[in-house]
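Source file: target35.txt (compact mmCIF, C-alpha atoms)
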```txt
# COMPACT_ATOMS: atom_id res chain seq x y z
CA MET A 1 -101.98 52.62 -54.07
CA GLN A 2 -105.00 51.60 -52.04
CA LYS A 3 -104.66 51.37 -48.31
CA ARG A 4 -104.70 47.57 -48.28
CA SER A 5 -102.09 47.43 -50.98
CA VAL A 6 -99.81 49.79 -49.05
CA GLU A 7 -100.22 47.63 -45.98
CA THR A 8 -99.31 44.49 -47.92
CA ARG A 9 -96.23 46.13 -49.35
CA ASN A 10 -95.11 47.36 -45.94
CA ARG A 11 -95.72 43.94 -44.42
CA ILE A 12 -93.51 42.34 -47.08
CA LEU A 13 -90.77 44.88 -46.30
CA ARG A 14 -91.00 44.43 -42.54
CA THR A 15 -91.01 40.66 -42.76
CA SER A 16 -88.13 40.56 -45.24
CA LEU A 17 -86.09 42.84 -43.00
CA ARG A 18 -86.60 40.48 -40.09
CA LEU A 19 -85.80 37.37 -42.12
CA PHE A 20 -82.74 38.86 -43.83
CA ALA A 21 -81.41 40.02 -40.47
CA ARG A 22 -82.04 36.70 -38.79
CA THR A 23 -81.07 34.14 -41.41
CA GLY A 24 -79.27 36.15 -44.04
CA TYR A 25 -80.15 37.32 -47.52
CA ASN A 26 -79.05 34.20 -49.38
CA ALA A 27 -80.84 31.79 -47.08
CA THR A 28 -84.11 33.72 -47.34
CA GLY A 29 -86.19 32.83 -50.41
CA VAL A 30 -89.27 34.56 -51.83
CA ALA A 31 -91.40 31.57 -50.79
CA ARG A 32 -90.32 32.04 -47.18
CA ILE A 33 -91.01 35.78 -47.32
CA CYS A 34 -94.47 35.12 -48.75
CA ALA A 35 -95.31 32.54 -46.09
CA ALA A 36 -94.09 34.72 -43.24
CA SER A 37 -95.85 37.81 -44.63
CA ARG A 38 -99.03 35.86 -45.38
CA VAL A 39 -99.14 37.04 -49.00
CA SER A 40 -99.37 35.06 -52.22
CA LYS A 41 -96.47 34.94 -54.65
CA GLY A 42 -98.69 36.88 -57.04
CA ALA A 43 -99.07 39.66 -54.49
CA PHE A 44 -95.33 39.66 -53.82
CA TYR A 45 -94.46 40.04 -57.49
CA HIS A 46 -97.12 42.68 -57.88
CA HIS A 47 -95.14 44.83 -55.46
CA PHE A 48 -91.53 43.77 -56.10
CA LYS A 49 -89.75 42.49 -59.17
CA SER A 50 -87.50 40.24 -57.08
CA LYS A 51 -86.01 39.55 -53.69
CA GLU A 52 -83.16 41.85 -54.70
CA ALA A 53 -85.67 44.68 -55.27
CA VAL A 54 -86.95 44.23 -51.70
CA PHE A 55 -83.40 44.29 -50.40
CA LEU A 56 -82.51 47.44 -52.34
CA LYS A 57 -85.68 49.16 -51.14
CA LEU A 58 -84.83 48.28 -47.52
CA MET A 59 -81.33 49.65 -48.01
CA ARG A 60 -82.57 52.89 -49.57
CA ASP A 61 -85.12 53.38 -46.80
CA TRP A 62 -82.47 52.79 -44.16
CA LEU A 63 -80.11 55.30 -45.74
CA CYS A 64 -82.90 57.87 -46.17
CA GLY A 65 -83.79 57.53 -42.50
CA VAL A 66 -80.17 58.11 -41.50
CA ASP A 67 -80.02 61.06 -43.90
CA ASP A 68 -83.07 62.70 -42.34
CA HIS A 69 -81.69 62.38 -38.82
CA LEU A 70 -78.29 63.77 -39.81
CA ALA A 71 -79.61 66.64 -41.91
CA SER A 72 -82.01 67.79 -39.21
CA ALA A 73 -79.24 67.60 -36.60
CA MET A 74 -76.98 69.81 -38.69
CA GLY A 75 -79.88 72.14 -39.54
CA ARG A 76 -80.59 72.86 -35.88
CA SER A 77 -76.98 73.80 -35.09
CA THR A 78 -75.31 77.18 -35.16
CA SER A 79 -71.71 76.02 -35.62
CA VAL A 80 -70.00 73.07 -37.30
CA PRO A 81 -68.67 71.48 -34.07
CA GLU A 82 -72.14 71.74 -32.54
CA GLY A 83 -73.61 70.25 -35.71
CA LEU A 84 -71.19 67.33 -35.81
CA ARG A 85 -71.83 66.64 -32.15
CA ALA A 86 -75.58 66.66 -32.83
CA MET A 87 -75.07 64.33 -35.81
CA ALA A 88 -73.07 61.90 -33.69
CA SER A 89 -75.81 62.05 -31.11
CA GLU A 90 -78.47 61.27 -33.72
CA MET A 91 -76.70 58.00 -34.46
CA ARG A 92 -78.40 56.67 -31.32
CA HIS A 93 -81.54 56.18 -33.39
CA VAL A 94 -79.59 53.80 -35.60
CA PHE A 95 -78.29 51.83 -32.61
CA GLN A 96 -81.62 51.75 -30.86
CA ALA A 97 -83.65 50.54 -33.84
CA ALA A 98 -84.83 47.16 -32.65
CA ASP A 99 -86.37 45.98 -35.90
CA GLY A 100 -83.27 44.44 -37.46
CA ARG A 101 -82.10 47.54 -39.30
CA LEU A 102 -78.70 47.52 -37.63
CA GLU A 103 -78.26 43.77 -38.09
CA ILE A 104 -78.98 44.08 -41.76
CA PHE A 105 -76.24 46.69 -42.16
CA LEU A 106 -73.64 43.94 -42.31
CA GLU A 107 -75.81 42.03 -44.76
CA PHE A 108 -75.85 45.11 -47.03
CA TRP A 109 -72.06 45.29 -47.10
CA GLN A 110 -71.75 41.56 -47.57
CA GLN A 111 -74.16 41.50 -50.51
CA ALA A 112 -72.59 44.61 -51.97
CA ARG A 113 -69.34 42.73 -52.45
CA ARG A 114 -71.05 40.13 -54.63
CA ASN A 115 -73.88 41.99 -56.30
CA LYS A 116 -73.24 44.90 -58.64
CA ALA A 117 -76.70 46.49 -58.14
CA VAL A 118 -76.38 46.41 -54.34
CA TRP A 119 -72.82 47.70 -54.61
CA SER A 120 -73.88 50.78 -56.59
CA GLY A 121 -76.89 51.27 -54.34
CA LEU A 122 -74.73 51.26 -51.23
CA LEU A 123 -71.64 52.97 -52.56
CA ALA A 124 -73.31 56.04 -54.06
CA PRO A 125 -74.89 57.26 -50.80
CA TYR A 126 -71.81 56.20 -48.86
CA ARG A 127 -69.64 58.41 -51.07
CA GLN A 128 -72.19 61.18 -50.69
CA TYR A 129 -71.79 60.99 -46.91
CA ARG A 130 -68.06 61.20 -47.36
CA ASP A 131 -68.36 64.29 -49.54
CA MET A 132 -70.94 65.82 -47.21
CA LEU A 133 -68.62 65.35 -44.21
CA ALA A 134 -65.69 66.84 -46.12
CA GLY A 135 -67.91 69.82 -46.98
CA ILE A 136 -68.89 70.23 -43.33
CA VAL A 137 -65.24 70.19 -42.22
CA LYS A 138 -64.49 72.79 -44.90
CA ARG A 139 -67.22 75.02 -43.47
CA GLY A 140 -65.77 74.43 -40.01
CA ILE A 141 -62.43 75.75 -41.26
CA THR A 142 -64.07 78.75 -42.92
CA GLU A 143 -66.06 79.66 -39.81
CA GLY A 144 -62.85 79.44 -37.76
CA SER A 145 -63.79 76.41 -35.64
CA PHE A 146 -61.22 74.10 -37.20
CA ARG A 147 -57.60 74.58 -38.12
CA PRO A 148 -56.78 74.25 -41.83
CA VAL A 149 -56.67 70.45 -42.00
CA ASP A 150 -57.30 68.49 -45.18
CA PRO A 151 -61.14 68.43 -45.26
CA VAL A 152 -61.19 65.18 -47.25
CA ALA A 153 -58.99 63.38 -44.72
CA ALA A 154 -60.99 64.72 -41.79
CA GLY A 155 -64.32 63.86 -43.45
CA GLN A 156 -63.01 60.37 -44.10
CA ALA A 157 -61.98 60.01 -40.47
CA LEU A 158 -65.48 61.00 -39.35
CA GLU A 159 -67.07 58.54 -41.77
CA THR A 160 -64.66 55.84 -40.61
CA LEU A 161 -65.75 56.40 -37.01
CA ALA A 162 -69.39 56.04 -38.04
CA VAL A 163 -68.80 52.90 -40.10
CA GLY A 164 -66.55 51.34 -37.45
CA THR A 165 -69.02 51.99 -34.66
CA LEU A 166 -71.86 50.52 -36.71
CA LEU A 167 -69.90 47.36 -37.45
CA GLN A 168 -68.95 46.88 -33.80
CA GLY A 169 -72.50 47.59 -32.73
CA VAL A 170 -73.74 44.81 -34.99
CA LEU A 171 -71.31 42.19 -33.77
CA ASP A 172 -71.15 43.03 -30.12
CA PRO A 173 -74.34 44.94 -29.27
CA ARG A 174 -73.82 44.58 -25.53
CA GLY A 175 -70.05 45.15 -25.66
CA ALA A 176 -70.36 48.90 -25.21
CA ARG A 177 -72.83 51.77 -25.26
CA TRP A 178 -72.22 52.35 -28.94
CA ASP A 179 -74.25 55.55 -28.98
CA LEU A 180 -71.78 56.92 -26.43
CA VAL A 181 -68.74 55.51 -28.25
CA ILE A 182 -69.57 57.39 -31.45
CA ARG A 183 -70.21 60.65 -29.55
CA ARG A 184 -66.99 60.43 -27.55
CA SER A 185 -64.92 59.38 -30.54
CA VAL A 186 -66.22 62.23 -32.66
CA GLY A 187 -65.54 64.55 -29.72
CA LEU A 188 -61.91 63.41 -29.48
CA LEU A 189 -61.45 63.73 -33.22
CA MET A 190 -62.90 67.24 -33.17
CA ASP A 191 -60.46 68.16 -30.42
CA GLY A 192 -57.83 67.21 -32.98
CA LEU A 193 -59.43 69.46 -35.59
CA ALA A 194 -60.02 72.34 -33.21
CA ARG A 195 -58.37 75.59 -34.08
CA ARG A 196 -57.74 76.60 -30.49
CA PRO A 197 -55.94 74.50 -27.90
CA VAL A 198 -58.23 72.20 -25.99
CA ALA A 199 -58.86 73.19 -22.39
CA ALA A 200 -61.04 71.76 -19.64
CA PRO A 201 -64.46 73.47 -19.67
CA GLY A 202 -64.99 76.11 -17.02
CA ARG A 203 -61.36 76.11 -15.92
CA PRO A 204 -59.17 79.04 -16.78
CA ARG A 205 -56.89 78.29 -19.71
CA ARG A 206 -53.24 78.15 -18.78
CA SER A 207 -50.25 78.82 -20.89
CA ALA A 208 -48.55 75.63 -22.07
CA ALA A 209 -45.26 77.26 -21.13
CA GLY A 210 -45.82 76.42 -17.47
CA ARG A 211 -45.26 72.68 -18.01
CA MET B 1 -46.16 16.40 -39.06
CA GLN B 2 -44.32 15.20 -42.14
CA LYS B 3 -43.47 17.72 -44.81
CA ARG B 4 -46.09 16.43 -47.23
CA SER B 5 -48.74 16.51 -44.55
CA VAL B 6 -47.88 20.12 -43.68
CA GLU B 7 -48.12 21.02 -47.33
CA THR B 8 -51.52 19.39 -47.62
CA ARG B 9 -52.80 21.21 -44.57
CA ASN B 10 -51.51 24.55 -45.83
CA ARG B 11 -53.02 23.90 -49.26
CA ILE B 12 -56.41 23.25 -47.67
CA LEU B 13 -56.11 26.51 -45.72
CA ARG B 14 -55.04 28.57 -48.72
CA THR B 15 -57.75 27.15 -50.95
CA SER B 16 -60.45 27.59 -48.31
CA LEU B 17 -59.42 31.19 -47.77
CA ARG B 18 -59.78 31.87 -51.49
CA LEU B 19 -63.14 30.11 -51.72
CA PHE B 20 -64.60 31.69 -48.58
CA ALA B 21 -63.50 35.12 -49.77
CA ARG B 22 -64.90 34.62 -53.26
CA THR B 23 -68.15 32.78 -52.70
CA GLY B 24 -68.74 33.07 -48.98
CA TYR B 25 -68.53 30.66 -46.09
CA ASN B 26 -72.02 29.20 -46.39
CA ALA B 27 -71.81 28.58 -50.12
CA THR B 28 -68.48 26.77 -49.79
CA GLY B 29 -68.79 23.10 -48.88
CA VAL B 30 -66.12 20.62 -47.82
CA ALA B 31 -66.51 18.77 -51.14
CA ARG B 32 -65.70 21.96 -53.03
CA ILE B 33 -62.67 22.66 -50.80
CA CYS B 34 -61.40 19.11 -51.35
CA ALA B 35 -61.82 19.31 -55.11
CA ALA B 36 -60.11 22.70 -55.36
CA SER B 37 -57.29 21.63 -53.02
CA ARG B 38 -56.89 18.27 -54.79
CA VAL B 39 -57.19 16.32 -51.52
CA SER B 40 -59.50 13.46 -50.56
CA LYS B 41 -62.23 13.93 -47.98
CA GLY B 42 -60.23 11.52 -45.82
CA ALA B 43 -57.20 13.79 -45.97
CA PHE B 44 -59.36 16.84 -45.21
CA TYR B 45 -60.88 15.25 -42.11
CA HIS B 46 -57.46 14.05 -41.04
CA HIS B 47 -56.41 17.69 -40.73
CA PHE B 48 -59.63 19.45 -39.77
CA LYS B 49 -62.68 18.34 -37.84
CA SER B 50 -64.99 20.46 -39.96
CA LYS B 51 -65.30 23.43 -42.29
CA GLU B 52 -65.82 25.54 -39.18
CA ALA B 53 -62.44 24.38 -37.84
CA VAL B 54 -60.77 25.59 -41.06
CA PHE B 55 -62.55 28.91 -40.77
CA LEU B 56 -61.54 29.37 -37.13
CA LYS B 57 -57.93 28.50 -37.95
CA LEU B 58 -57.90 31.08 -40.76
CA MET B 59 -59.31 33.66 -38.41
CA ARG B 60 -56.79 32.94 -35.68
CA ASP B 61 -53.92 33.07 -38.18
CA TRP B 62 -55.17 36.37 -39.51
CA LEU B 63 -55.42 37.87 -36.03
CA CYS B 64 -51.99 36.52 -35.06
CA GLY B 65 -50.45 38.11 -38.15
CA VAL B 66 -52.03 41.46 -37.30
CA ASP B 67 -50.85 41.06 -33.68
CA ASP B 68 -47.26 40.46 -34.76
CA HIS B 69 -47.20 43.55 -36.96
CA LEU B 70 -48.71 45.76 -34.27
CA ALA B 71 -46.55 44.49 -31.42
CA SER B 72 -43.34 44.91 -33.39
CA ALA B 73 -44.38 48.43 -34.42
CA MET B 74 -44.97 49.43 -30.81
CA GLY B 75 -41.77 47.67 -29.71
CA ARG B 76 -39.62 49.73 -32.05
CA SER B 77 -41.01 53.05 -30.82
CA THR B 78 -39.73 55.31 -28.08
CA SER B 79 -42.99 57.14 -27.32
CA VAL B 80 -46.68 56.30 -27.44
CA PRO B 81 -47.56 58.72 -30.25
CA GLU B 82 -44.69 57.35 -32.31
CA GLY B 83 -45.82 53.81 -31.51
CA LEU B 84 -49.43 54.45 -32.49
CA ARG B 85 -48.30 56.07 -35.72
CA ALA B 86 -46.12 53.03 -36.46
CA MET B 87 -49.05 50.72 -35.68
CA ALA B 88 -51.32 52.63 -38.05
CA SER B 89 -48.61 52.40 -40.66
CA GLU B 90 -48.31 48.62 -40.18
CA MET B 91 -51.96 48.29 -41.17
CA ARG B 92 -50.79 48.64 -44.76
CA HIS B 93 -49.80 44.98 -44.64
CA VAL B 94 -53.43 44.12 -43.98
CA PHE B 95 -54.65 46.25 -46.88
CA GLN B 96 -51.99 45.00 -49.24
CA ALA B 97 -52.53 41.29 -48.58
CA ALA B 98 -53.72 40.02 -51.93
CA ASP B 99 -54.66 36.50 -50.83
CA GLY B 100 -58.21 37.19 -49.73
CA ARG B 101 -57.42 37.88 -46.11
CA LEU B 102 -59.01 41.31 -46.19
CA GLU B 103 -62.04 40.06 -48.13
CA ILE B 104 -62.64 37.38 -45.55
CA PHE B 105 -62.70 39.93 -42.73
CA LEU B 106 -66.34 40.71 -43.48
CA GLU B 107 -67.09 36.99 -43.63
CA PHE B 108 -65.64 36.59 -40.12
CA TRP B 109 -67.96 39.21 -38.72
CA GLN B 110 -70.93 37.88 -40.62
CA GLN B 111 -70.38 34.34 -39.40
CA ALA B 112 -69.68 35.56 -35.88
CA ARG B 113 -73.24 36.86 -35.68
CA ARG B 114 -74.68 33.39 -36.32
CA ASN B 115 -72.10 31.01 -34.90
CA LYS B 116 -71.22 30.97 -31.23
CA ALA B 117 -67.76 29.43 -31.73
CA VAL B 118 -66.78 32.02 -34.35
CA TRP B 119 -68.24 34.76 -32.17
CA SER B 120 -66.06 33.81 -29.20
CA GLY B 121 -63.07 33.32 -31.48
CA LEU B 122 -63.44 36.80 -32.95
CA LEU B 123 -64.66 38.68 -29.91
CA ALA B 124 -61.96 37.62 -27.46
CA PRO B 125 -59.00 38.99 -29.49
CA TYR B 126 -61.07 42.00 -30.53
CA ARG B 127 -61.65 42.88 -26.88
CA GLN B 128 -57.96 42.27 -26.22
CA TYR B 129 -57.11 44.88 -28.88
CA ARG B 130 -59.49 47.26 -27.20
CA ASP B 131 -57.86 46.73 -23.80
CA MET B 132 -54.38 46.92 -25.33
CA LEU B 133 -55.20 50.26 -26.97
CA ALA B 134 -56.67 51.62 -23.74
CA GLY B 135 -53.45 50.55 -21.98
CA ILE B 136 -51.35 52.30 -24.61
CA VAL B 137 -53.33 55.53 -24.22
CA LYS B 138 -52.89 55.26 -20.45
CA ARG B 139 -49.13 55.00 -20.94
CA GLY B 140 -49.31 57.99 -23.27
CA ILE B 141 -50.93 59.99 -20.47
CA THR B 142 -48.34 58.80 -17.94
CA GLU B 143 -45.43 59.68 -20.20
CA GLY B 144 -46.94 63.13 -20.73
CA SER B 145 -47.74 62.79 -24.42
CA PHE B 146 -51.51 62.82 -23.95
CA ARG B 147 -53.77 64.92 -21.80
CA PRO B 148 -55.77 63.05 -19.14
CA VAL B 149 -58.53 61.75 -21.39
CA ASP B 150 -60.56 58.62 -20.62
CA PRO B 151 -58.18 55.87 -21.86
CA VAL B 152 -61.06 53.48 -22.52
CA ALA B 153 -62.88 56.00 -24.71
CA ALA B 154 -59.70 56.91 -26.59
CA GLY B 155 -58.73 53.26 -27.06
CA GLN B 156 -62.20 52.57 -28.37
CA ALA B 157 -61.93 55.45 -30.82
CA LEU B 158 -58.63 54.04 -32.13
CA GLU B 159 -60.14 50.58 -32.49
CA THR B 160 -63.17 52.07 -34.23
CA LEU B 161 -60.91 53.77 -36.76
CA ALA B 162 -59.18 50.46 -37.48
CA VAL B 163 -62.41 48.49 -37.81
CA GLY B 164 -64.07 51.20 -39.91
CA THR B 165 -61.12 51.46 -42.27
CA LEU B 166 -61.00 47.69 -42.68
CA LEU B 167 -64.69 47.51 -43.52
CA GLN B 168 -64.44 50.30 -46.08
CA GLY B 169 -61.32 48.74 -47.54
CA VAL B 170 -63.20 45.49 -48.10
CA LEU B 171 -66.18 47.06 -49.80
CA ASP B 172 -64.52 49.76 -51.80
CA PRO B 173 -60.87 48.74 -52.24
CA ARG B 174 -60.25 51.34 -54.93
CA GLY B 175 -62.30 54.07 -53.25
CA ALA B 176 -59.33 55.44 -51.31
CA ARG B 177 -55.77 54.66 -50.29
CA TRP B 178 -56.95 52.96 -47.10
CA ASP B 179 -53.43 52.61 -45.74
CA LEU B 180 -53.22 56.41 -45.86
CA VAL B 181 -56.74 56.90 -44.48
CA ILE B 182 -55.94 54.97 -41.31
CA ARG B 183 -52.66 56.82 -40.81
CA ARG B 184 -54.20 60.24 -41.28
CA SER B 185 -57.24 59.45 -39.16
CA VAL B 186 -55.11 58.18 -36.29
CA GLY B 187 -52.96 61.30 -36.68
CA LEU B 188 -55.98 63.59 -36.37
CA LEU B 189 -57.28 61.66 -33.38
CA MET B 190 -53.89 61.88 -31.67
CA ASP B 191 -53.90 65.63 -32.20
CA GLY B 192 -57.08 65.51 -30.14
CA LEU B 193 -55.34 63.52 -27.42
CA ALA B 194 -52.17 65.59 -27.44
CA ARG B 195 -51.26 67.25 -24.21
CA ARG B 196 -49.75 70.28 -25.82
CA PRO B 197 -51.80 72.53 -28.01
CA VAL B 198 -51.25 71.74 -31.64
CA ALA B 199 -48.88 74.28 -33.09
CA ALA B 200 -46.94 74.53 -36.28
CA PRO B 201 -43.56 72.88 -35.72
CA GLY B 202 -40.79 75.28 -34.88
CA ARG B 203 -43.13 78.04 -33.77
CA PRO B 204 -43.23 79.01 -30.10
CA ARG B 205 -46.38 77.92 -28.27
CA ARG B 206 -48.57 80.76 -27.17
CA SER B 207 -50.83 81.06 -24.19
CA ALA B 208 -54.48 80.35 -24.93
CA ALA B 209 -55.37 83.39 -22.83
CA GLY B 210 -55.28 85.55 -25.92
CA ARG B 211 -58.58 84.01 -27.21
```
As structure tokens, please, write out the structure in this file.
Amino acid sequence: MQKRSVETRNRILRTSLRLFARTGYNATGVARICAASRVSKGAFYHHFKSKEAVFLKLMRDWLCGVDDHLASAMGRSTSVPEGLRAMASEMRHVFQAADGRLEIFLEFWQQARRNKAVWSGLLAPYRQYRDMLAGIVKRGITEGSFRPVDPVAAGQALETLAVGTLLQGVLDPRGARWDLVIRRSVGLLMDGLARRPVAAPGRPRRSAAGR
Amino acid sequence: MQKRSVETRNRILRTSLRLFARTGYNATGVARICAASRVSKGAFYHHFKSKEAVFLKLMRDWLCGVDDHLASAMGRSTSVPEGLRAMASEMRHVFQAADGRLEIFLEFWQQARRNKAVWSGLLAPYRQYRDMLAGIVKRGITEGSFRPVDPVAAGQALETLAVGTLLQGVLDPRGARWDLVIRRSVGLLMDGLARRPVAAPGRPRRSAAGR
């Protein structure tokens, strides 16, 4: 694609993201997107088959961005607990994105319930995350960081914390420091997965018999 | 209210719930609700000021139902961990409700983002749950079940598990046994809160000094 064409395409995506986040997918028509992006309908349909295609592209881009952050966090870590902590910490990029990406998260789920194509597009990567997290917990057990829990259940719990924090962050952005909530919650959950008894850092570990 | 009037009101609520869950709040007009409930517009406006009033009533009823289940679960329990486990178990009623109550959960959050009245109506009880859970964790620390974690952070983690499981249950009802997911996730989190090191039942607890 030529430079101008790439710019037009990106402008359509950016504008659609903003409109979907602000007024919702259903209430946003192609005509509105074209007007707000300053492109003709012809130009719009040159780049995208439909409004749905724009939506799916935004969703895929969002998920790819999250993927990149998570994969690089895990890649930099030398143990599974360290990796999971780094992944939880990377979620701050999701919460800090000010361009409507977080707001549109709810829109994705909402549309997914009613639109088969969106449903498949959202569910496939979501299930991949679930499997990836189960695999990570499995590795944590193998490396001796975690006790032999059910990796699927633990992976699901981690995914549930991510999904739950995202949803709360959308509804009540100022209700909490959501980037901290996800880190602390994952920390508490990992204490539950930990092979060894949890002890305060730096303090000598005492026998539980002294209680 | 006379019996017939109560029946009419309940029929409007039931029908609205089904329509909101199936086609969404915005796409469901009062005319449609009246037709599907077999009531006149006059009868509708006798009972409810607006569509929004119906929606808020459905939301309050939903939250009250959840409240009742959770409070009775905690009331029957003799310790905080037992109570939290019972509360997680009570969530099955939410997942098993076949009348659209779970489906409409996402609609509540979606509308809350755009409608100040819905936002206040959803946020106030949601924050109450958060405070209630923090209070329960605090009691768990006092009674010696939990180590001295930050009760607010732990309460938030519990709430996040509930919210995250609900959202996943809406989108992907057949993707997992969500009633089990919430129970297991809360179990793993409580292992992280537990005062005593996690040990296989019946085995003597050993000092951590042997690490």
May I ask you to extract the residues of chain B within 9 Å of chain A, using all atoms listed in the file, and to give them as a compact mmCIF listing (two decimals) with C-alpha atoms, in the frame of the given file?
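So out12.txt came out as:
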```txt
# COMPACT_ATOMS: atom_id res chain seq x y z
CA ARG B 22 -64.90 34.62 -53.26
CA THR B 23 -68.15 32.78 -52.70
CA GLU B 103 -62.04 40.06 -48.13
CA LEU B 106 -66.34 40.71 -43.48
CA GLU B 107 -67.09 36.99 -43.63
CA TRP B 109 -67.96 39.21 -38.72
CA GLN B 110 -70.93 37.88 -40.62
CA ALA B 112 -69.68 35.56 -35.88
CA ARG B 113 -73.24 36.86 -35.68
CA ARG B 114 -74.68 33.39 -36.32
CA TRP B 119 -68.24 34.76 -32.17
CA LEU B 123 -64.66 38.68 -29.91
CA ARG B 127 -61.65 42.88 -26.88
CA VAL B 149 -58.53 61.75 -21.39
CA ALA B 153 -62.88 56.00 -24.71
CA ALA B 154 -59.70 56.91 -26.59
CA GLN B 156 -62.20 52.57 -28.37
CA ALA B 157 -61.93 55.45 -30.82
CA LEU B 158 -58.63 54.04 -32.13
CA GLU B 159 -60.14 50.58 -32.49
CA THR B 160 -63.17 52.07 -34.23
CA LEU B 161 -60.91 53.77 -36.76
CA ALA B 162 -59.18 50.46 -37.48
CA VAL B 163 -62.41 48.49 -37.81
CA GLY B 164 -64.07 51.20 -39.91
CA THR B 165 -61.12 51.46 -42.27
CA LEU B 166 -61.00 47.69 -42.68
CA LEU B 167 -64.69 47.51 -43.52
CA GLN B 168 -64.44 50.30 -46.08
CA VAL B 170 -63.20 45.49 -48.10
CA LEU B 171 -66.18 47.06 -49.80
CA ASP B 172 -64.52 49.76 -51.80
CA GLY B 175 -62.30 54.07 -53.25
CA VAL B 181 -56.74 56.90 -44.48
CA ILE B 182 -55.94 54.97 -41.31
CA ARG B 184 -54.20 60.24 -41.28
CA SER B 185 -57.24 59.45 -39.16
CA VAL B 186 -55.11 58.18 -36.29
CA GLY B 187 -52.96 61.30 -36.68
CA LEU B 188 -55.98 63.59 -36.37
CA LEU B 189 -57.28 61.66 -33.38
CA MET B 190 -53.89 61.88 -31.67
CA ASP B 191 -53.90 65.63 -32.20
CA GLY B 192 -57.08 65.51 -30.14
CA LEU B 193 -55.34 63.52 -27.42
CA ALA B 194 -52.17 65.59 -27.44
CA ARG B 195 -51.26 67.25 -24.21
CA ARG B 196 -49.75 70.28 -25.82
CA PRO B 197 -51.80 72.53 -28.01
CA VAL B 198 -51.25 71.74 -31.64
CA ALA B 199 -48.88 74.28 -33.09
CA ARG B 205 -46.38 77.92 -28.27
CA ARG B 206 -48.57 80.76 -27.17
CA SER B 207 -50.83 81.06 -24.19
CA ALA B 208 -54.48 80.35 -24.93
CA ALA B 209 -55.37 83.39 -22.83
CA ARG B 211 -58.58 84.01 -27.21
```
Contacts of Ala124 of chain A at 12 Å or less, counting only C-alpha atoms, minus same-chain residues fewer than 4 places along, as a PyMOL selection string? (chain A and resi 59-60+63+112+117-120+128-131) or (chain B and resi 172+175)
Which value, in Å to one decimal, gives the distance between atom CA of Gly140 of chain A and atom CA of Glu90 of chain A?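 For atom CA of Gly140 of chain A relative to atom CA of Glu90 of chain A, the distance reads 19.3 Å.
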Record the distance separating atom CA of Arg18 of chain A and atom CA of Leu56 of chain A, expressed in Å with one decimal. 14.7 Å
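Computed from the coordinates, the atom CA of Phe108 of chain A to atom CA of Arg14 of chain A distance equals 15.8 Å.
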Which residue of A:Leu19, A:Arg76, A:Asp67, A:Val6 approaches Ala43 of chain A most closely, using only C-alpha atoms: A:Val6
Protein, DNA and RNA residues within 12 Å of (-55.2, 19.2, -46.7), all atoms listed in the file, as a VMD selection string: chain B and resid 3 to 16 30 33 to 51 54
Using all atoms listed in the file, find all polymer residues with an atom at most 10 Å away from the point (-66.9, 78.2, -33.0); report them as a compact mmCIF listing (two decimals) with C-alpha atoms, in the frame of the given file.
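Listing of out_0.txt after writing:
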```txt
# COMPACT_ATOMS: atom_id res chain seq x y z
CA THR A 78 -75.31 77.18 -35.16
CA SER A 79 -71.71 76.02 -35.62
CA VAL A 80 -70.00 73.07 -37.30
CA PRO A 81 -68.67 71.48 -34.07
CA GLU A 82 -72.14 71.74 -32.54
CA GLY A 140 -65.77 74.43 -40.01
CA ILE A 141 -62.43 75.75 -41.26
CA GLU A 143 -66.06 79.66 -39.81
CA GLY A 144 -62.85 79.44 -37.76
CA SER A 145 -63.79 76.41 -35.64
CA PHE A 146 -61.22 74.10 -37.20
CA ALA A 194 -60.02 72.34 -33.21
CA ARG A 195 -58.37 75.59 -34.08
CA ARG A 196 -57.74 76.60 -30.49
```
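Among the candidates B:Glu52, B:His93, B:Arg85, B:Arg177, the residue lying nearest to Lys116 of chain B is B:Glu52 (atoms considered: all atoms listed in the file).
Distances to Tyr25 of chain B were evaluated for B:Ile104, B:Ala53, B:Met91, B:Val66 using all atoms listed in the file, and the minimum falls at B:Ile104.
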